[in-house]
$ cat model19.txt   # compact mmCIF, C-alpha atoms
# COMPACT_ATOMS: atom_id res chain seq x y z
CA MET I 1 -56.38 45.34 70.22
CA THR I 2 -53.64 44.80 72.77
CA GLN I 3 -55.09 44.21 76.19
CA PRO I 4 -54.36 46.94 78.73
CA LYS I 5 -51.70 46.12 81.29
CA ARG I 6 -52.98 45.06 84.69
CA ILE I 7 -51.98 47.02 87.76
CA ALA I 8 -51.09 43.69 89.39
CA GLU I 9 -47.91 43.85 87.24
CA ILE I 10 -46.70 46.55 89.65
CA ALA I 11 -44.60 44.92 92.38
CA SER I 12 -43.80 48.18 94.20
CA TYR I 13 -42.90 51.81 93.57
CA HIS I 14 -39.92 54.08 93.85
CA ALA I 15 -40.10 57.83 94.29
CA HIS I 16 -36.89 59.73 93.53
CA ILE I 17 -36.81 63.15 95.12
CA TYR I 18 -34.44 65.50 93.28
CA TYR I 19 -32.63 68.43 94.82
CA ASP I 20 -29.92 70.94 94.06
CA VAL I 21 -27.06 70.58 96.55
CA ALA I 22 -26.54 74.35 96.77
CA LYS I 23 -30.13 75.53 96.61
CA THR I 24 -32.77 73.01 97.67
CA LYS I 25 -31.09 70.40 99.85
CA GLY I 26 -32.69 72.03 102.89
CA ASP I 27 -36.14 71.49 101.41
CA ALA I 28 -35.19 67.92 100.54
CA GLU I 29 -34.15 67.37 104.17
CA ILE I 30 -37.44 68.68 105.52
CA LEU I 31 -39.43 66.61 103.06
CA ARG I 32 -37.41 63.49 103.88
CA ARG I 33 -38.10 63.90 107.60
CA GLN I 34 -41.80 64.60 107.03
CA ILE I 35 -42.12 61.47 104.87
CA ALA I 36 -40.33 59.28 107.43
CA GLU I 37 -42.59 60.62 110.20
CA ARG I 38 -45.76 59.72 108.28
CA PHE I 39 -45.26 56.73 105.98
CA VAL I 40 -44.03 53.16 106.19
CA VAL I 41 -41.41 53.32 103.44
CA ARG I 42 -37.73 52.68 102.84
CA VAL I 43 -35.81 55.95 102.79
CA GLY I 44 -32.65 55.61 100.71
CA ASN I 45 -29.25 57.25 100.97
CA TRP I 46 -28.49 60.79 99.90
CA HIS I 47 -26.98 60.85 96.41
CA ASP I 48 -25.41 64.27 95.94
CA GLU I 49 -23.30 62.63 93.23
CA LEU I 50 -25.20 61.44 90.17
CA VAL I 51 -26.11 57.76 90.21
CA GLY I 52 -27.96 55.35 87.93
CA PRO I 53 -30.22 56.95 85.32
CA HIS I 54 -30.59 60.15 87.33
CA LEU I 55 -29.18 63.46 86.06
CA LYS I 56 -29.65 65.40 89.30
CA SER I 57 -28.89 64.75 92.98
CA MET I 58 -31.63 62.69 94.61
CA TYR I 59 -32.66 60.19 97.23
CA GLN I 60 -35.04 57.30 96.77
CA ILE I 61 -38.19 56.43 98.70
CA ALA I 62 -39.19 52.79 98.07
CA PHE I 63 -42.75 51.81 98.99
CA ALA I 64 -45.37 49.11 98.68
CA VAL I 65 -48.41 49.46 96.44
CA GLU I 66 -50.56 49.83 99.57
CA VAL I 67 -48.78 53.11 100.42
CA PHE I 68 -49.49 54.73 97.03
CA PRO I 69 -53.01 56.03 97.85
CA GLN I 70 -51.80 58.19 100.73
CA LEU I 71 -48.17 59.01 99.90
CA VAL I 72 -48.75 60.20 96.32
CA PRO I 73 -51.51 62.72 97.15
CA TRP I 74 -49.50 63.88 100.16
CA LEU I 75 -46.45 64.51 97.94
CA MET I 76 -48.65 66.39 95.44
CA LEU I 77 -49.62 68.84 98.20
CA ASN I 78 -46.29 68.98 100.03
CA HIS I 79 -43.36 68.56 97.60
CA ARG I 80 -41.93 72.00 98.39
CA GLY I 81 -41.35 72.75 94.71
CA LEU I 82 -39.02 69.77 94.32
CA SER I 83 -39.14 67.51 91.27
CA ILE I 84 -40.25 63.97 92.03
CA ILE I 85 -40.49 60.97 89.71
CA ILE I 86 -42.64 58.11 90.92
CA HIS I 87 -42.21 54.96 88.87
CA PRO I 88 -43.70 51.50 89.23
CA ASN I 89 -41.48 48.44 89.38
CA THR I 90 -42.64 45.90 86.82
CA ASP I 91 -40.41 43.58 84.77
CA ARG I 92 -39.61 46.46 82.35
CA PRO I 93 -37.29 48.96 84.09
CA ARG I 94 -36.78 51.19 81.06
CA ASP I 95 -40.50 51.61 80.41
CA ASP I 96 -41.11 52.05 84.12
CA HIS I 97 -38.87 55.12 84.21
CA ILE I 98 -39.58 56.55 80.75
CA VAL I 99 -43.18 55.60 79.88
CA HIS I 100 -44.92 54.50 83.08
CA ALA I 101 -43.63 57.16 85.45
CA LEU I 102 -45.52 60.09 86.87
CA TRP I 103 -43.95 63.41 87.77
CA ILE I 104 -44.68 65.98 90.44
CA GLY I 105 -42.99 69.37 89.93
CA GLU I 106 -40.66 69.98 87.00
CA LYS I 107 -40.15 66.97 84.75
CA LEU I 108 -36.45 66.18 84.35
CA PRO I 109 -34.53 64.10 81.81
CA VAL I 110 -33.58 60.54 82.78
CA LYS I 111 -30.73 58.55 81.18
CA GLU I 112 -32.64 55.98 79.19
CA ASP I 113 -29.61 54.00 78.00
CA SER I 114 -28.60 52.97 81.48
CA LEU I 115 -31.88 51.18 82.10
CA PRO I 116 -32.37 47.57 81.03
CA GLU I 117 -35.40 46.89 78.87
CA THR I 118 -36.41 43.79 80.83
CA ILE I 119 -35.36 41.93 83.94
CA GLY I 120 -34.70 38.21 83.63
CA ALA I 121 -37.37 35.76 84.79
CA ASP I 122 -34.99 34.57 87.51
CA GLU I 123 -34.20 38.09 88.72
CA GLU I 124 -36.08 39.43 91.69
CA PRO I 125 -36.65 43.12 92.09
CA GLU I 126 -34.85 44.33 95.20
CA ARG I 127 -37.07 43.75 98.23
CA LEU I 128 -35.62 45.56 101.19
CA GLY I 129 -38.23 46.33 103.79
CA PRO I 130 -39.28 49.70 105.20
CA ASN I 131 -36.90 51.52 107.55
CA THR I 132 -39.23 54.17 108.99
CA THR I 133 -41.26 54.18 112.19
CA PRO I 134 -43.94 56.81 111.61
CA SER I 135 -45.14 58.83 114.59
CA VAL I 136 -47.54 61.23 112.85
CA THR I 137 -50.88 59.59 112.20
CA GLU I 138 -52.75 62.56 110.73
CA ILE I 139 -51.68 62.51 107.10
CA MET X 1 -42.33 75.49 110.26
CA THR X 2 -45.54 75.51 108.22
CA GLN X 3 -47.51 72.37 108.82
CA PRO X 4 -47.83 70.07 105.82
CA LYS X 5 -51.18 70.15 104.04
CA ARG X 6 -53.54 67.31 104.86
CA ILE X 7 -54.78 65.05 102.09
CA ALA X 8 -58.28 65.56 103.51
CA GLU X 9 -58.13 68.98 101.80
CA ILE X 10 -58.59 67.09 98.52
CA ALA X 11 -62.31 66.98 97.66
CA SER X 12 -61.87 65.09 94.39
CA TYR X 13 -59.60 64.85 91.35
CA HIS X 14 -59.70 65.72 87.68
CA ALA X 15 -57.61 64.04 85.03
CA HIS X 16 -57.32 65.91 81.73
CA ILE X 17 -56.32 63.67 78.86
CA TYR X 18 -54.70 65.65 76.05
CA TYR X 19 -54.70 64.68 72.39
CA ASP X 20 -53.83 66.04 68.99
CA VAL X 21 -56.94 66.15 66.80
CA ALA X 22 -55.01 65.04 63.71
CA LYS X 23 -52.62 62.55 65.27
CA THR X 24 -53.72 61.02 68.56
CA LYS X 25 -57.50 61.38 68.81
CA GLY X 26 -57.82 57.67 68.01
CA ASP X 27 -55.67 56.79 71.01
CA ALA X 28 -57.69 59.19 73.14
CA GLU X 29 -60.88 57.42 72.00
CA ILE X 30 -59.54 53.99 72.93
CA LEU X 31 -58.31 55.24 76.30
CA ARG X 32 -61.65 56.94 76.99
CA ARG X 33 -63.55 53.72 76.30
CA GLN X 34 -61.14 51.62 78.38
CA ILE X 35 -61.49 54.01 81.33
CA ALA X 36 -65.31 54.02 81.12
CA GLU X 37 -65.33 50.21 81.02
CA ARG X 38 -63.24 49.94 84.19
CA PHE X 39 -63.77 52.88 86.53
CA VAL X 40 -66.64 54.70 88.23
CA VAL X 41 -65.85 58.21 87.01
CA ARG X 42 -67.44 61.12 85.18
CA VAL X 43 -66.23 61.22 81.58
CA GLY X 44 -66.45 64.77 80.22
CA ASN X 45 -67.08 66.11 76.74
CA TRP X 46 -64.53 66.16 73.97
CA HIS X 47 -62.85 69.56 73.71
CA ASP X 48 -61.12 69.71 70.34
CA GLU X 49 -61.26 73.51 70.74
CA LEU X 50 -59.14 74.91 73.56
CA VAL X 51 -61.03 75.55 76.78
CA GLY X 52 -60.20 76.86 80.26
CA PRO X 53 -56.52 76.80 81.20
CA HIS X 54 -55.70 74.06 78.69
CA LEU X 55 -53.46 74.73 75.71
CA LYS X 56 -54.20 71.47 73.88
CA SER X 57 -57.36 69.53 72.99
CA MET X 58 -58.51 67.39 75.90
CA TYR X 59 -61.32 65.71 77.76
CA GLN X 60 -61.75 65.54 81.50
CA ILE X 61 -62.22 62.53 83.77
CA ALA X 62 -63.59 63.59 87.17
CA PHE X 63 -63.24 61.08 89.99
CA ALA X 64 -63.57 60.60 93.73
CA VAL X 65 -60.56 60.21 96.01
CA GLU X 66 -61.47 56.53 96.44
CA VAL X 67 -60.79 55.91 92.73
CA PHE X 68 -57.26 57.36 92.81
CA PRO X 69 -55.46 54.17 94.02
CA GLN X 70 -56.58 52.14 91.02
CA LEU X 71 -57.09 54.68 88.23
CA VAL X 72 -53.75 56.49 88.58
CA PRO X 73 -51.55 53.34 88.41
CA TRP X 74 -53.71 52.03 85.56
CA LEU X 75 -53.17 55.27 83.61
CA MET X 76 -49.42 55.08 84.29
CA LEU X 77 -49.32 51.69 82.54
CA ASN X 78 -51.88 52.38 79.82
CA HIS X 79 -51.80 56.06 78.76
CA ARG X 80 -50.85 55.22 75.14
CA GLY X 81 -48.20 57.95 75.09
CA LEU X 82 -50.78 60.67 75.77
CA SER X 83 -50.10 63.52 78.19
CA ILE X 84 -52.28 63.50 81.26
CA ILE X 85 -52.49 66.03 84.08
CA ILE X 86 -54.10 64.79 87.28
CA HIS X 87 -54.87 67.57 89.73
CA PRO X 88 -56.58 67.58 93.10
CA ASN X 89 -59.52 69.86 93.79
CA THR X 90 -58.89 71.84 96.95
CA ASP X 91 -59.92 75.45 97.61
CA ARG X 92 -56.91 76.69 95.59
CA PRO X 93 -57.53 76.05 91.86
CA ARG X 94 -54.37 77.77 90.63
CA ASP X 95 -52.08 75.81 92.95
CA ASP X 96 -54.01 72.62 92.17
CA HIS X 97 -53.13 72.90 88.46
CA ILE X 98 -49.68 74.46 88.71
CA VAL X 99 -48.13 73.22 91.97
CA HIS X 100 -50.16 70.21 93.18
CA ALA X 101 -50.64 68.41 89.87
CA LEU X 102 -48.97 65.24 88.70
CA TRP X 103 -48.20 64.45 85.09
CA ILE X 104 -48.08 61.23 83.12
CA GLY X 105 -46.41 61.50 79.70
CA GLU X 106 -45.09 64.81 78.39
CA LYS X 107 -45.68 67.74 80.73
CA LEU X 108 -47.51 70.58 78.95
CA PRO X 109 -47.93 74.27 79.74
CA VAL X 110 -51.18 75.34 81.44
CA LYS X 111 -52.55 78.90 81.36
CA GLU X 112 -52.00 80.04 84.90
CA ASP X 113 -53.75 83.42 84.59
CA SER X 114 -57.13 81.89 83.85
CA LEU X 115 -57.18 80.01 87.16
CA PRO X 116 -58.49 81.70 90.31
CA GLU X 117 -56.17 81.61 93.30
CA THR X 118 -58.94 80.63 95.72
CA ILE X 119 -62.58 79.69 95.66
CA GLY X 120 -64.95 81.56 97.96
CA ALA X 121 -66.06 79.91 101.20
CA ASP X 122 -69.63 79.83 99.85
CA GLU X 123 -68.61 78.27 96.53
CA GLU X 124 -68.93 74.57 96.13
CA PRO X 125 -66.66 72.66 93.80
CA GLU X 126 -68.74 71.14 91.01
CA ARG X 127 -70.15 67.82 92.19
CA LEU X 128 -71.63 65.98 89.25
CA GLY X 129 -71.76 62.26 89.83
CA PRO X 130 -70.15 59.48 87.79
CA ASN X 131 -71.62 58.65 84.37
CA THR X 132 -69.94 55.31 83.67
CA THR X 133 -71.18 51.77 84.28
CA PRO X 134 -68.02 49.65 84.31
CA SER X 135 -68.23 46.11 82.96
CA VAL X 136 -64.56 45.07 83.23
CA THR X 137 -63.71 44.03 86.76
CA GLU X 138 -60.08 42.94 86.21
CA ILE X 139 -58.20 46.21 86.39
$ encode --input "model19.txt" --output "structure tokens"
Amino acid sequence: MTQPKRIAEIASYHAHIYYDVAKTKGDAEILRRQIAERFVVRVGNWHDELVGPHLKSMYQIAFAVEVFPQLVPWLMLNHRGLSIIIHPNTDRPRDDHIVHALWIGEKLPVKEDSLPETIGADEEPERLGPNTTPSVTEI
Amino acid sequence: MTQPKRIAEIASYHAHIYYDVAKTKGDAEILRRQIAERFVVRVGNWHDELVGPHLKSMYQIAFAVEVFPQLVPWLMLNHRGLSIIIHPNTDRPRDDHIVHALWIGEKLPVKEDSLPETIGADEEPERLGPNTTPSVTEI
């Protein structure tokens, strides 16, 4: 039998928080501020226009594996009805988005074709550091 | 603005691992054994017949909040294509299944009406201990 994958294959995680520009951007703004106040993460740009494999407006929250145990439960309780994909970053981007991802809220389609199956051995996943300075310590 | 919920409201978690009796019970068996070998959890009975709010055959894995950081990423990588709901146990069972849950694999409907909105202040969530004795230490 194939051996199970080891969680050490996960270099980091991305959450993509989806919103509707006309209807739920306000909720996405509140959630974005609440995340930045509480977690050491990298908050990405607003993408009202579709980008990458995403079929809805979104912004990205990039975070280290150490942040997973607090951020993921917090998002479960506080996602304000928004759809969120949380995917690991291994060396298989397509699987990471399509097979390995978890979803909070409504599950949305993702453009599979735009995702490479593997990353080359000489390619590094992007490693930009956190850009938040949390002030709220009670999570 | 309403204060965000605190993750301390989460007493424990349940994962429900769904399978099709004719097609994917073998995968569910392998996954069940792999989980029991690796994690200190309570593995529940097989429910080929529908039970509770679930609209597909399933078994439950009950686990403490301390197990979340390893079990959830492991299931993301190793769920064998099965659908899994992971929901927190707070004092709001309906929200826990419908609003607060995360999904790995295909998201399935859950019978909302069969879930109480709240549990009484004198009711304790079920607290049966783990029933596994893991032998595999490399997760």
$ residues_around --input "model19.txt" --residues "Tyr19 of chain X" --least-positions-apart "3" --cutoff "12 Å" --atoms "only C-alpha atoms" --output "ChimeraX atom specification"
/X:16,22-32,46-50,54-60,79-85,105-106,108
$ interface_residues --input "model19.txt" --of "chain X" --to "chain I" --cutoff "9 Å" --atoms "only C-alpha atoms" --output "VMD selection string"
chain X and resid 4 to 8 10 34 65 to 66 68 to 70 73 to 79 81 87 to 88 96 98 to 107 138 to 139
$ atom_distance --input "model19.txt" --atom1 "atom CA of Asp20 of chain I" --atom2 "atom CA of Glu117 of chain I"
29.0 Å
$ atom_distance --input "model19.txt" --atom1 "atom CA of Gly120 of chain I" --atom2 "atom CA of Asn45 of chain I"
26.3 Å
$ atom_distance --input "model19.txt" --atom1 "atom CA of Val110 of chain I" --atom2 "atom CA of Pro130 of chain I"
25.5 Å
$ axis_aligned_box --input "model19.txt" --around "segment 9-21 of chain X" --padding-each-side "5 Å" --output "AutoDock Vina command-line options"
--center_x -58.1 --center_y 66.3 --center_z 84.3 --size_x 18.5 --size_y 15.3 --size_z 45.0
$ closest_residue --input "model19.txt" --among "I:Arg127, I:Ile17, I:Arg38, I:Gly52" --to "Asp113 of chain I" --atoms "all atoms listed in the file"
I:Gly52
$ closest_residue --input "model19.txt" --among "I:Pro93, I:Val41, I:Pro109, I:Ala36" --to "Tyr18 of chain I" --atoms "all atoms listed in the file"
I:Pro109
